[in-house]
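Structure file entry_5.txt; described as compact mmCIF, C-alpha atoms.
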```txt
# COMPACT_ATOMS: atom_id res chain seq x y z
CA MET A 8 139.43 59.58 13.20
CA ARG A 9 137.18 56.54 13.44
CA PRO A 10 134.81 56.17 10.48
CA ARG A 11 131.27 57.01 11.48
CA LYS A 12 128.39 56.12 9.26
CA ALA A 13 125.86 58.84 9.94
CA LYS A 14 123.04 57.08 8.16
CA LYS A 15 119.43 56.68 9.22
CA ILE A 16 117.77 53.38 8.45
CA VAL A 17 114.20 53.65 7.17
CA PHE A 18 111.93 50.64 6.74
CA LYS A 19 109.31 51.35 4.05
CA SER A 20 107.06 48.47 5.05
CA ALA A 21 106.65 45.93 7.82
CA GLU A 22 108.05 43.20 5.53
CA GLU A 23 111.35 45.01 5.32
CA MET A 24 111.86 44.85 9.07
CA PRO A 25 114.25 42.11 10.16
CA LEU A 26 112.46 39.16 11.71
CA MET A 27 115.01 38.71 14.45
CA ILE A 28 115.41 41.45 17.00
CA CYS A 29 118.90 42.63 16.16
CA SER A 30 120.80 45.84 15.99
CA VAL A 31 121.35 46.92 12.41
CA GLY A 32 123.28 50.08 12.99
CA HIS A 33 124.62 52.64 15.37
CA GLN A 34 122.81 55.73 16.59
CA THR A 35 125.40 57.80 14.70
CA HIS A 36 122.76 59.58 12.56
CA ASN A 37 121.79 61.29 15.80
CA LEU A 38 124.18 64.24 15.74
CA THR A 39 124.15 65.14 19.42
CA GLY A 40 126.42 68.11 18.78
CA ALA A 41 123.21 70.11 18.30
CA TRP A 42 122.59 69.88 22.08
CA ARG A 43 125.67 71.94 22.82
CA ASN A 44 125.74 75.61 23.75
CA ILE A 45 129.37 75.82 24.87
CA ARG A 46 132.14 74.13 22.91
CA PRO A 47 135.53 72.86 24.08
CA GLU A 48 138.56 74.09 22.16
CA ILE A 49 141.95 72.49 22.72
CA ASP A 50 145.06 74.68 22.74
CA LEU A 51 147.55 72.13 21.38
CA GLU A 52 150.50 74.39 22.31
CA ARG A 53 149.88 73.65 25.98
CA CYS A 54 148.65 70.04 25.57
CA ILE A 55 150.91 67.49 27.30
CA LYS A 56 149.18 64.42 25.75
CA CYS A 57 148.23 62.99 29.15
CA GLY A 58 145.11 61.31 27.75
CA ILE A 59 142.80 62.50 30.53
CA CYS A 60 140.29 64.22 28.21
CA TRP A 61 140.08 61.04 26.11
CA LYS A 62 139.67 58.92 29.22
CA PHE A 63 136.82 60.91 30.75
CA CYS A 64 134.77 61.78 27.64
CA PRO A 65 131.30 60.23 28.09
CA GLU A 66 130.35 60.35 24.40
CA PRO A 67 133.19 59.34 23.48
CA SER A 68 133.84 62.20 21.05
CA ILE A 69 137.56 62.78 21.65
CA ASP A 70 139.64 60.81 19.16
CA VAL A 71 143.37 60.34 18.91
CA VAL A 72 144.67 61.41 15.49
CA ASP A 73 148.44 61.18 14.96
CA GLU A 74 148.93 61.12 18.74
CA TRP A 75 146.97 64.37 19.25
CA PRO A 76 143.51 64.73 20.79
CA VAL A 77 140.84 65.84 18.31
CA ILE A 78 137.24 66.66 19.26
CA ASP A 79 134.44 65.44 17.03
CA TYR A 80 132.03 68.39 17.14
CA ASP A 81 129.28 66.37 15.45
CA TYR A 82 128.76 64.47 18.71
CA CYS A 83 130.27 66.55 21.54
CA LYS A 84 127.40 67.54 23.87
CA GLY A 85 129.45 70.22 25.60
CA CYS A 86 129.39 68.80 29.11
CA GLY A 87 132.77 70.35 29.94
CA ILE A 88 134.28 67.37 31.77
CA CYS A 89 137.41 67.56 29.56
CA ALA A 90 137.96 71.25 30.38
CA GLU A 91 137.39 70.64 34.10
CA GLU A 92 139.74 67.65 34.32
CA CYS A 93 142.53 68.91 32.02
CA PRO A 94 145.66 69.25 34.25
CA THR A 95 147.16 72.10 32.20
CA LYS A 96 143.77 73.78 31.61
CA CYS A 97 144.49 73.89 27.87
CA ILE A 98 140.83 73.19 27.00
CA ALA A 99 138.62 76.29 27.03
CA MET A 100 134.83 76.22 26.93
CA VAL A 101 133.74 78.96 24.55
CA GLU A 102 130.23 80.05 23.67
CA GLU A 103 128.78 78.48 20.54
CA ARG A 104 128.52 81.02 17.71
CA LYS A 105 125.68 80.54 15.34
CA MET B 1 159.58 70.36 26.31
CA SER B 2 160.71 71.28 22.81
CA PRO B 3 158.07 71.22 20.07
CA GLU B 4 159.89 68.35 18.30
CA ALA B 5 160.05 66.20 21.41
CA LYS B 6 156.37 66.92 22.05
CA LYS B 7 155.49 65.89 18.51
CA GLU B 8 157.28 62.58 19.05
CA LYS B 9 155.58 61.93 22.37
CA LYS B 10 152.86 59.27 22.37
CA PHE B 11 149.35 60.12 23.49
CA ALA B 12 149.04 58.39 26.86
CA LEU B 13 146.31 55.74 26.79
CA THR B 14 145.90 54.31 30.29
CA LEU B 15 142.88 52.20 29.27
CA PRO B 16 142.42 49.65 26.46
CA ALA B 17 142.03 51.51 23.16
CA GLU B 18 139.17 49.33 21.91
CA GLU B 19 135.97 51.41 21.76
CA LEU B 20 132.72 49.42 21.86
CA MET B 21 130.44 52.36 22.64
CA ALA B 22 129.52 54.58 19.69
CA CYS B 23 128.68 58.27 19.61
CA GLY B 24 125.15 59.55 19.19
CA HIS B 25 123.66 57.88 22.26
CA LEU B 26 120.89 59.59 24.22
CA ALA B 27 122.54 60.24 27.60
CA CYS B 28 122.37 63.65 29.26
CA GLN B 29 125.45 65.87 29.25
CA GLY B 30 128.03 64.68 31.75
CA CYS B 31 126.38 61.29 32.39
CA GLY B 32 128.32 58.99 34.71
CA ALA B 33 126.52 55.82 33.60
CA THR B 34 127.83 56.06 30.02
CA LEU B 35 131.37 56.32 31.35
CA ALA B 36 130.81 53.21 33.47
CA MET B 37 129.55 51.30 30.41
CA ARG B 38 132.47 52.51 28.30
CA TYR B 39 135.04 51.32 30.85
CA MET B 40 133.30 47.99 31.38
CA LEU B 41 133.24 47.19 27.65
CA LYS B 42 136.88 48.23 27.34
CA ALA B 43 137.71 45.64 29.99
CA LEU B 44 135.46 42.80 28.79
CA GLY B 45 135.85 43.16 25.02
CA GLN B 46 133.54 42.11 22.22
CA LYS B 47 132.67 38.63 23.52
CA THR B 48 130.02 39.92 25.91
CA VAL B 49 126.22 39.75 26.12
CA LEU B 50 124.36 42.43 28.07
CA CYS B 51 121.01 42.05 29.82
CA ILE B 52 119.55 45.47 30.54
CA PRO B 53 116.31 45.93 32.50
CA ALA B 54 114.37 49.20 32.59
CA CYS B 55 116.94 51.79 33.66
CA CYS B 56 118.65 54.81 32.15
CA TRP B 57 120.69 52.57 29.86
CA ALA B 58 117.53 51.13 28.29
CA VAL B 59 116.99 54.66 26.93
CA ILE B 60 120.59 55.76 26.35
CA ASP B 61 121.16 52.81 24.04
CA GLY B 62 118.61 54.15 21.53
CA PRO B 63 115.37 52.86 20.01
CA TYR B 64 115.12 49.73 17.86
CA PRO B 65 116.68 49.04 15.29
CA TYR B 66 119.64 51.07 16.49
CA SER B 67 122.06 50.45 19.29
CA SER B 68 124.96 52.48 20.57
CA LEU B 69 126.90 49.40 21.63
CA ASP B 70 128.81 46.86 19.57
CA VAL B 71 127.71 43.93 21.73
CA PRO B 72 124.38 42.03 21.79
CA ILE B 73 121.83 43.45 24.21
CA TYR B 74 118.79 41.81 25.72
CA HIS B 75 116.21 44.25 27.09
CA CYS B 76 114.37 42.46 29.88
CA ALA B 77 111.71 43.27 32.47
CA PHE B 78 112.61 45.48 35.41
CA GLU B 79 112.88 42.80 38.10
CA THR B 80 114.55 40.08 36.03
CA ALA B 81 118.06 41.31 35.13
CA ALA B 82 119.87 38.58 37.07
CA SER B 83 117.54 35.73 36.11
CA THR B 84 117.60 36.74 32.41
CA ALA B 85 121.40 36.77 32.49
CA THR B 86 121.33 33.31 34.09
CA GLY B 87 119.09 32.06 31.28
CA VAL B 88 121.28 33.60 28.56
CA LYS B 89 124.35 31.99 30.12
CA ALA B 90 122.61 28.59 30.32
CA GLY B 91 121.58 28.94 26.65
CA LEU B 92 125.11 29.80 25.58
CA GLU B 93 126.48 26.84 27.51
CA ALA B 94 123.94 24.52 25.88
CA THR B 95 125.30 25.58 22.49
CA GLY B 96 128.84 24.89 23.66
CA ASP B 97 129.92 28.52 24.14
CA THR B 98 131.73 28.82 27.45
CA GLU B 99 133.82 31.89 26.59
CA THR B 100 131.20 34.61 26.32
CA THR B 101 130.75 36.75 29.42
CA VAL B 102 127.14 37.47 30.34
CA VAL B 103 126.57 40.76 32.11
CA ALA B 104 123.43 41.96 33.84
CA TRP B 105 123.60 45.75 33.79
CA ALA B 106 121.07 47.42 36.07
CA GLY B 107 120.60 50.73 37.79
CA ASP B 108 120.20 51.14 41.51
CA GLY B 109 116.40 50.79 41.37
CA GLY B 110 116.68 47.52 39.46
CA THR B 111 119.22 46.22 41.97
CA PHE B 112 118.44 47.63 45.42
CA ASP B 113 114.63 47.54 45.21
CA ILE B 114 112.97 45.79 42.33
CA GLY B 115 115.58 43.30 41.16
CA ILE B 116 116.87 42.16 44.53
CA GLN B 117 115.01 38.84 44.63
CA ALA B 118 116.30 37.79 41.20
CA LEU B 119 119.80 38.92 42.16
CA SER B 120 119.63 37.09 45.48
CA GLY B 121 118.45 33.93 43.71
CA ALA B 122 121.24 34.09 41.13
CA ALA B 123 123.81 34.74 43.86
CA GLU B 124 122.52 31.84 45.93
CA ARG B 125 122.76 29.47 42.91
CA ASN B 126 126.17 31.03 42.15
CA ASP B 127 125.29 31.38 38.46
CA ASP B 128 128.16 32.32 36.19
CA ILE B 129 127.29 35.96 35.50
CA ILE B 130 128.64 39.41 36.20
CA TYR B 131 126.07 41.72 37.77
CA VAL B 132 126.88 45.41 37.51
CA CYS B 133 124.84 47.97 39.42
CA TYR B 134 125.57 51.53 38.33
CA ASP B 135 124.42 53.60 41.24
CA ASN B 136 123.07 57.09 40.60
CA GLU B 137 121.14 57.07 43.88
CA ALA B 138 117.52 57.43 42.67
CA TYR B 139 115.18 56.40 39.85
CA MET B 140 116.66 58.96 37.46
CA ASN B 141 115.11 57.61 34.28
CA THR B 142 111.51 58.05 35.44
CA GLY B 143 112.02 61.46 37.02
CA ILE B 144 114.19 61.31 40.16
CA GLN B 145 112.11 59.23 42.59
CA ARG B 146 113.59 57.97 45.84
CA SER B 147 115.10 54.48 45.83
CA SER B 148 116.67 52.57 48.69
CA ALA B 149 120.06 53.68 47.32
CA THR B 150 119.20 57.33 47.94
CA PRO B 151 121.43 58.61 50.76
CA TYR B 152 120.33 60.36 53.94
CA GLY B 153 119.28 63.98 53.45
CA ALA B 154 118.86 63.87 49.68
CA TRP B 155 116.10 65.69 47.85
CA THR B 156 114.13 63.71 45.26
CA THR B 157 110.70 64.37 43.77
CA THR B 158 109.15 61.91 46.22
CA THR B 159 111.22 63.09 49.19
CA PRO B 160 110.83 66.88 48.92
CA VAL B 161 112.88 69.34 50.96
CA LYS B 162 110.35 69.43 53.83
CA HIS B 163 110.40 65.64 54.15
CA PHE B 164 113.83 64.72 52.85
CA LYS B 165 114.97 61.11 53.10
CA ASN B 166 115.80 60.36 56.73
CA ARG B 167 117.04 56.81 56.35
CA PRO B 168 120.58 55.85 55.28
CA LYS B 169 121.43 54.04 52.06
CA LYS B 170 121.06 50.28 51.92
CA ASP B 171 124.39 48.44 52.16
CA ILE B 172 124.01 46.26 49.06
CA VAL B 173 127.62 45.05 49.16
CA ALA B 174 127.11 43.60 52.66
CA ILE B 175 123.91 41.88 51.47
CA LEU B 176 125.80 40.29 48.57
CA ALA B 177 128.75 39.41 50.82
CA ALA B 178 126.33 37.47 53.02
CA HIS B 179 125.60 35.28 49.96
CA ARG B 180 129.29 34.20 49.93
CA ILE B 181 129.72 34.82 46.20
CA PRO B 182 133.26 34.61 44.76
CA TYR B 183 133.83 38.26 43.96
CA ILE B 184 132.31 41.61 44.91
CA ALA B 185 133.86 44.98 44.10
CA THR B 186 132.99 48.63 44.26
CA ALA B 187 134.25 50.99 41.56
CA SER B 188 133.92 54.62 40.64
CA VAL B 189 133.93 56.38 37.26
CA SER B 190 136.63 58.70 38.59
CA HIS B 191 139.09 55.79 38.92
CA PRO B 192 138.75 54.00 35.55
CA GLU B 193 142.11 52.18 35.76
CA ASP B 194 141.01 50.58 39.02
CA PHE B 195 137.60 49.72 37.50
CA VAL B 196 139.14 48.12 34.38
CA LYS B 197 141.64 46.16 36.51
CA LYS B 198 138.87 44.76 38.71
CA MET B 199 136.65 43.96 35.73
CA LYS B 200 139.48 42.03 34.04
CA LYS B 201 140.06 40.14 37.28
CA ALA B 202 136.35 39.34 37.56
CA LYS B 203 136.26 38.09 33.96
CA ASP B 204 138.56 35.18 34.88
CA ILE B 205 136.57 34.15 37.96
CA ARG B 206 133.68 31.68 37.65
CA GLY B 207 130.47 32.21 39.61
CA THR B 208 128.40 35.29 40.43
CA ARG B 209 130.44 38.46 40.46
CA PHE B 210 128.93 41.73 41.64
CA PHE B 211 130.03 45.28 40.89
CA HIS B 212 128.74 48.39 42.59
CA VAL B 213 129.73 51.34 40.40
CA TYR B 214 129.31 54.93 41.52
CA ALA B 215 127.94 56.93 38.58
CA PRO B 216 127.04 60.60 39.30
CA CYS B 217 123.94 61.98 37.57
CA PRO B 218 124.04 65.77 36.99
CA THR B 219 120.33 65.86 36.15
CA GLY B 220 119.15 64.18 39.32
CA TRP B 221 121.80 65.47 41.69
CA LYS B 222 121.31 69.05 40.46
CA SER B 223 125.06 69.40 39.97
CA ARG B 224 126.97 70.93 37.07
CA PRO B 225 127.67 68.45 34.23
CA GLU B 226 131.41 69.19 34.30
CA ASP B 227 131.57 68.18 37.98
CA THR B 228 130.68 64.51 37.33
CA ILE B 229 134.24 63.20 37.68
CA LYS B 230 135.05 65.66 40.45
CA LEU B 231 132.05 64.51 42.52
CA ALA B 232 132.88 60.83 42.03
CA ARG B 233 136.49 61.49 43.05
CA MET B 234 135.44 63.48 46.11
CA ALA B 235 133.11 60.66 47.18
CA VAL B 236 136.02 58.23 47.04
CA GLN B 237 138.42 60.56 48.83
CA ASN B 238 136.14 61.43 51.72
CA GLY B 239 135.12 57.83 52.39
CA TYR B 240 131.54 58.36 51.20
CA PHE B 241 132.04 55.64 48.56
CA PRO B 242 135.16 53.62 49.43
CA LEU B 243 136.79 51.42 46.78
CA TYR B 244 137.18 47.85 48.01
CA GLU B 245 136.69 44.26 46.95
CA ILE B 246 135.44 41.18 48.81
CA GLU B 247 136.49 37.70 47.78
CA ASP B 248 134.37 34.67 48.81
CA GLY B 249 132.34 36.90 51.10
CA GLU B 250 135.19 37.20 53.60
CA LYS B 251 138.49 38.57 52.40
CA THR B 252 138.06 42.33 52.21
CA THR B 253 140.72 44.45 50.49
CA VAL B 254 140.57 48.23 50.41
CA ASN B 255 142.02 49.35 47.07
CA LEU B 256 142.46 53.00 47.89
CA LYS B 257 143.79 53.45 51.40
CA LEU B 258 143.11 56.94 52.68
CA LYS B 259 145.48 58.37 55.27
CA GLU B 260 143.33 61.40 55.81
CA ARG B 261 139.71 61.67 54.80
CA LYS B 262 138.39 65.02 53.60
CA PRO B 263 135.22 66.44 55.18
CA VAL B 264 132.04 65.39 53.45
CA GLU B 265 130.60 68.93 53.43
CA ASP B 266 132.43 70.14 50.29
CA PHE B 267 131.02 67.15 48.44
CA LEU B 268 127.47 67.85 49.62
CA ARG B 269 127.63 71.57 48.81
CA LEU B 270 128.37 70.91 45.11
CA GLN B 271 125.01 69.18 44.73
CA GLY B 272 121.67 70.93 44.62
CA ARG B 273 119.90 67.93 46.15
CA PHE B 274 121.70 68.57 49.48
CA ARG B 275 121.34 72.37 49.43
CA HIS B 276 118.69 72.44 52.20
CA LEU B 277 120.83 70.55 54.75
CA LYS B 278 121.52 72.44 57.98
CA PRO B 279 124.90 72.12 59.80
CA ALA B 280 123.45 69.55 62.23
CA GLU B 281 122.28 67.39 59.34
CA VAL B 282 125.64 67.69 57.57
CA ALA B 283 127.22 66.51 60.82
CA ALA B 284 124.82 63.53 60.81
CA VAL B 285 125.96 62.63 57.26
CA GLN B 286 129.59 62.94 58.37
CA ALA B 287 128.95 60.70 61.41
CA GLU B 288 127.29 58.08 59.19
CA VAL B 289 130.22 58.15 56.72
CA ASP B 290 132.68 57.82 59.63
CA ALA B 291 130.77 54.86 61.08
CA ARG B 292 130.70 53.14 57.69
CA TRP B 293 134.42 53.71 57.23
CA GLU B 294 135.17 52.30 60.72
CA ARG B 295 133.06 49.23 59.90
CA LEU B 296 134.97 48.72 56.66
CA MET B 297 138.31 49.05 58.42
CA ARG B 298 137.22 46.50 61.04
CA SER B 299 136.12 43.96 58.40
CA CYS B 300 139.40 44.58 56.58
CA ALA B 301 141.49 43.90 59.70
CA GLY B 302 139.90 40.59 60.48
```

Written form, structure tokens:
Amino acid sequence: MRPRKAKKIVFKSAEEMPLMICSVGHQTHNLTGAWRNIRPEIDLERCIKCGICWKFCPEPSIDVVDEWPVIDYDYCKGCGICAEECPTKCIAMVEERK
Amino acid sequence: MSPEAKKEKKFALTLPAEELMACGHLACQGCGATLAMRYMLKALGQKTVLCIPACCWAVIDGPYPYSSLDVPIYHCAFETAASTATGVKAGLEATGDTETTVVAWAGDGGTFDIGIQALSGAAERNDDIIYVCYDNEAYMNTGIQRSSATPYGAWTTTTPVKHFKNRPKKDIVAILAAHRIPYIATASVSHPEDFVKKMKKAKDIRGTRFFHVYAPCPTGWKSRPEDTIKLARMAVQNGYFPLYEIEDGEKTTVNLKLKERKPVEDFLRLQGRFRHLKPAEVAAVQAEVDARWERLMRSCAG
């Protein structure tokens, strides 16, 4: 899985702010997985490794680990595109249990 | 397939593996615009500068000092996407950098309505930029107001059901083709391979290149988030949003030839913004789509 630095940058004073307008980090501290109320679960038995879920993920929160698709639940917003587009329907959207 | 053979099988990547868009961005669930950005950056690579006016992507990217993208971004005023990109390109050339691609990335409001004079000026000067319009057919960022990209019959907050929009969508590609710029293409998020192929082709062309990308918006279209790709694919398959490219304002090539077009009604019925349409109005939409398709076929033939 890609390394993701989930770190929030805090400037204690105005002097600490960079003078140039530049990006100093990703939005990865924003764990958008909290938005989700249904979660995709991949049944790897039926997965044919077609790459369609990876291709159509808008986050992108589907990674390829050892040639298998793996969902990063920290960021998946639960839109359900992967489940809808999966040709073997091996991705099920199940209700989030709290 | 045996479990061993399956274990050996490679995960099929039909797009470049490089990922320049990071997680944690602020798009709604099932956003088509983020997919468009992801595919574009996959095609163009790291040596890219983006100029983004006020549009959904100005928000999706995240507040300062964060950014969801691994490329430099210049947030500019609403009407100046094309002219800012021109300036950035001129600045890069003055420092001796001729490799970097400069992209103006605007929504349909910033292209069809507010940004059209800057875009027309840049196209007329044939400045060396790529202009991408991701079209979600209204001002989605500010709360679903009508734009001139909104199609006939659609509900928006400024065209309510009683007075739905009764004018067709502006043909921006024909306007740009009249400028005789080197390359114009339409693309859809449901056909990313086609989009990446066209973007790579455009990268090697000099001059103004224009992309019209169809990006469904579940929030504004009142559709289900999981239907984003399905809707974009239906729009391509029923001729509502044909995939074609125009070189030098004249040579038109249709990339996806359709033997048989599906009726437009199934596409309309999946979206809440068209729920109020009566059969006669659906027939009007179908007639408009047919006329547009005929026009495209004629321009393609000669």

Using all atoms listed in the file, I'd like a table of the residues in chain B that come within 6 Å of chain A; for each, show the closest atom pair and its distance in Å rounded to one decimal, ordered by chain and ascending number, as CSV.
```
residue,atom,partner,partner_atom,distance
B:Lys10,CA,A:Glu74,CA,5.7
B:Phe11,CA,A:Lys56,CA,4.9
B:Ala12,CA,A:Gly58,CA,5.0
B:Leu13,CA,A:Gly58,CA,5.8
B:Cys23,CA,A:Glu66,CA,5.5
B:Gly24,CA,A:Thr35,CA,4.8
B:Gln29,CA,A:Cys86,CA,4.9
B:Gly30,CA,A:Cys86,CA,5.1
B:Thr34,CA,A:Pro65,CA,5.8
B:Leu35,CA,A:Pro65,CA,5.1
B:Pro65,CA,A:Ser30,CA,5.3
B:Tyr66,CA,A:Gly32,CA,5.1
B:Ser67,CA,A:His33,CA,5.2
B:Ser68,CA,A:His33,CA,5.2
B:Pro225,CA,A:Cys86,CA,5.4
B:Glu226,CA,A:Ile88,CA,4.2
```

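Atom pair CA of Tyr74 (chain B) / CA of Val88 (chain B): separated by 9.0 Å.
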
Using all atoms listed in the file, which residues sit within 8 Å of Gly153 (chain B) once same-chain residues fewer than 3 positions away are excluded, as an MDAnalysis selection string? chainID B and resid 164:166 274 277 281 285

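Residues within 6 Å of region 204-217 of chain B, counting only C-alpha atoms and excluding same-chain residues fewer than 4 positions away, are Cys31, Gly32, Ala33, Ala123, Asn126, Asp127, Asp128, Ile129, Ile130, Tyr131, Val132, Cys133, Tyr134, Asp135, Asn136, Ile181, Tyr183, Ile184, Ala185, Thr186, Ala187, Ser188, Trp221 and Thr228 of chain B.
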
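The space separating CA of Asp290 (chain B) from CA of Pro168 (chain B) comes to 13.0 Å.
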
I'd like the neighbourhood of Gly109 (chain B) as a compact mmCIF listing (two decimals) with C-alpha atoms, keeping the file's coordinate frame, where a residue qualifies if any of its atoms comes within 8 Å (using only C-alpha atoms), though same-chain residues fewer than 4 positions away should be ignored.
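Saved to selection-v5.txt:
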```txt
# COMPACT_ATOMS: atom_id res chain seq x y z
CA CYS B 55 116.94 51.79 33.66
CA ASP B 113 114.63 47.54 45.21
CA ILE B 114 112.97 45.79 42.33
CA GLY B 115 115.58 43.30 41.16
CA ALA B 138 117.52 57.43 42.67
CA TYR B 139 115.18 56.40 39.85
CA SER B 147 115.10 54.48 45.83
CA SER B 148 116.67 52.57 48.69
CA ALA B 149 120.06 53.68 47.32
```

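Taking CA of Pro182 (chain B) and CA of Ile246 (chain B) as endpoints, the distance between them is 8.0 Å.
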
With only C-alpha atoms as the atoms that count, which of B:Gln237, B:Thr150, B:Thr80, B:Thr95 lies nearest to Ala118 (chain B)? B:Thr80

Do you know which residues are at most 12 Å from Leu92 (chain B) counting all atoms listed in the file, after dropping those on the same chain fewer than 3 positions away, and could you put them as a list of chain:residue names? B:Lys47, B:Thr48, B:Val49, B:Ala85, B:Thr86, B:Gly87, B:Val88, B:Lys89, B:Thr95, B:Gly96, B:Asp97, B:Thr98, B:Glu99, B:Thr100, B:Thr101, B:Val102, B:Asp128, B:Ile129

Residues within 6 Å of (123.1, 57.6, 25.8), file coords, only C-alpha atoms, listed as a ChimeraX atom specification: /B:25-27,60-61

Would you mind exporting C-alpha atoms of the selected residues as a PDB file, in the coordinates of the input?
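Written out: out.pdb:
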```
ATOM      1  CA  HIS B  25     123.660  57.880  22.260  1.00  0.00           C
ATOM      2  CA  LEU B  26     120.890  59.590  24.220  1.00  0.00           C
ATOM      3  CA  ALA B  27     122.540  60.240  27.600  1.00  0.00           C
ATOM      4  CA  ILE B  60     120.590  55.760  26.350  1.00  0.00           C
ATOM      5  CA  ASP B  61     121.160  52.810  24.040  1.00  0.00           C
TER       6      ASP B  61
END
```

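Of the residues under consideration (A:Arg46, A:Ala41, A:Leu51, A:Ser20), A:Leu51 shows the shortest atom-to-atom contact distance to Lys96 (chain A) when counting only C-alpha atoms.
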
Need to verify the contact set: Ile98 (chain A), 7 Å, all atoms listed in the file, exclusion of same-chain residues closer than 3 positions in sequence. Can you return it as a PyMOL selection string? chain A and resi 47-50+90+93

Selection to disk with C-alpha atoms, as a short mmCIF file (atom, residue, chain, number, x, y, z; two decimals), in the coordinates of the input:
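What ended up in part.cif:
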```
data_model
loop_
_atom_site.label_atom_id
_atom_site.label_comp_id
_atom_site.auth_asym_id
_atom_site.auth_seq_id
_atom_site.Cartn_x
_atom_site.Cartn_y
_atom_site.Cartn_z
CA PRO A 47 135.53 72.86 24.08
CA GLU A 48 138.56 74.09 22.16
CA ILE A 49 141.95 72.49 22.72
CA ASP A 50 145.06 74.68 22.74
CA ALA A 90 137.96 71.25 30.38
CA CYS A 93 142.53 68.91 32.02
#
```

Reconstructed region 70-84 of chain A, atom set N, CA and C atoms, as a tab-separated table (two decimals), keeping the file's coordinate frame:
```tsv
chain	number	residue	atom	x	y	z
A	70	ASP	N	138.89	61.85	19.87
A	70	ASP	CA	139.64	60.81	19.16
A	70	ASP	C	141.12	61.14	19.25
A	71	VAL	N	141.93	60.13	18.96
A	71	VAL	CA	143.37	60.34	18.91
A	71	VAL	C	143.79	60.25	17.45
A	72	VAL	N	144.23	61.38	16.89
A	72	VAL	CA	144.67	61.41	15.49
A	72	VAL	C	146.14	61.80	15.49
A	73	ASP	N	146.99	60.94	14.97
A	73	ASP	CA	148.44	61.18	14.96
A	73	ASP	C	148.95	61.60	16.34
A	74	GLU	N	148.49	60.89	17.35
A	74	GLU	CA	148.93	61.12	18.74
A	74	GLU	C	148.50	62.49	19.30
A	75	TRP	N	147.51	63.12	18.69
A	75	TRP	CA	146.97	64.37	19.25
A	75	TRP	C	145.48	64.18	19.52
A	76	PRO	N	144.95	64.82	20.56
A	76	PRO	CA	143.51	64.73	20.79
A	76	PRO	C	142.72	65.62	19.83
A	77	VAL	N	141.67	65.07	19.24
A	77	VAL	CA	140.84	65.84	18.31
A	77	VAL	C	139.38	65.65	18.72
A	78	ILE	N	138.64	66.75	18.83
A	78	ILE	CA	137.24	66.66	19.26
A	78	ILE	C	136.34	66.54	18.04
A	79	ASP	N	135.42	65.60	18.10
A	79	ASP	CA	134.44	65.44	17.03
A	79	ASP	C	133.21	66.29	17.39
A	80	TYR	N	133.10	67.46	16.77
A	80	TYR	CA	132.03	68.39	17.14
A	80	TYR	C	130.64	67.94	16.68
A	81	ASP	N	130.58	66.89	15.85
A	81	ASP	CA	129.28	66.37	15.45
A	81	ASP	C	128.56	65.74	16.65
A	82	TYR	N	129.35	65.23	17.61
A	82	TYR	CA	128.76	64.47	18.71
A	82	TYR	C	128.99	65.07	20.09
A	83	CYS	N	129.97	65.98	20.22
A	83	CYS	CA	130.27	66.55	21.54
A	83	CYS	C	129.04	67.29	22.07
A	84	LYS	N	128.59	66.91	23.29
A	84	LYS	CA	127.40	67.54	23.87
A	84	LYS	C	127.74	68.76	24.71
```
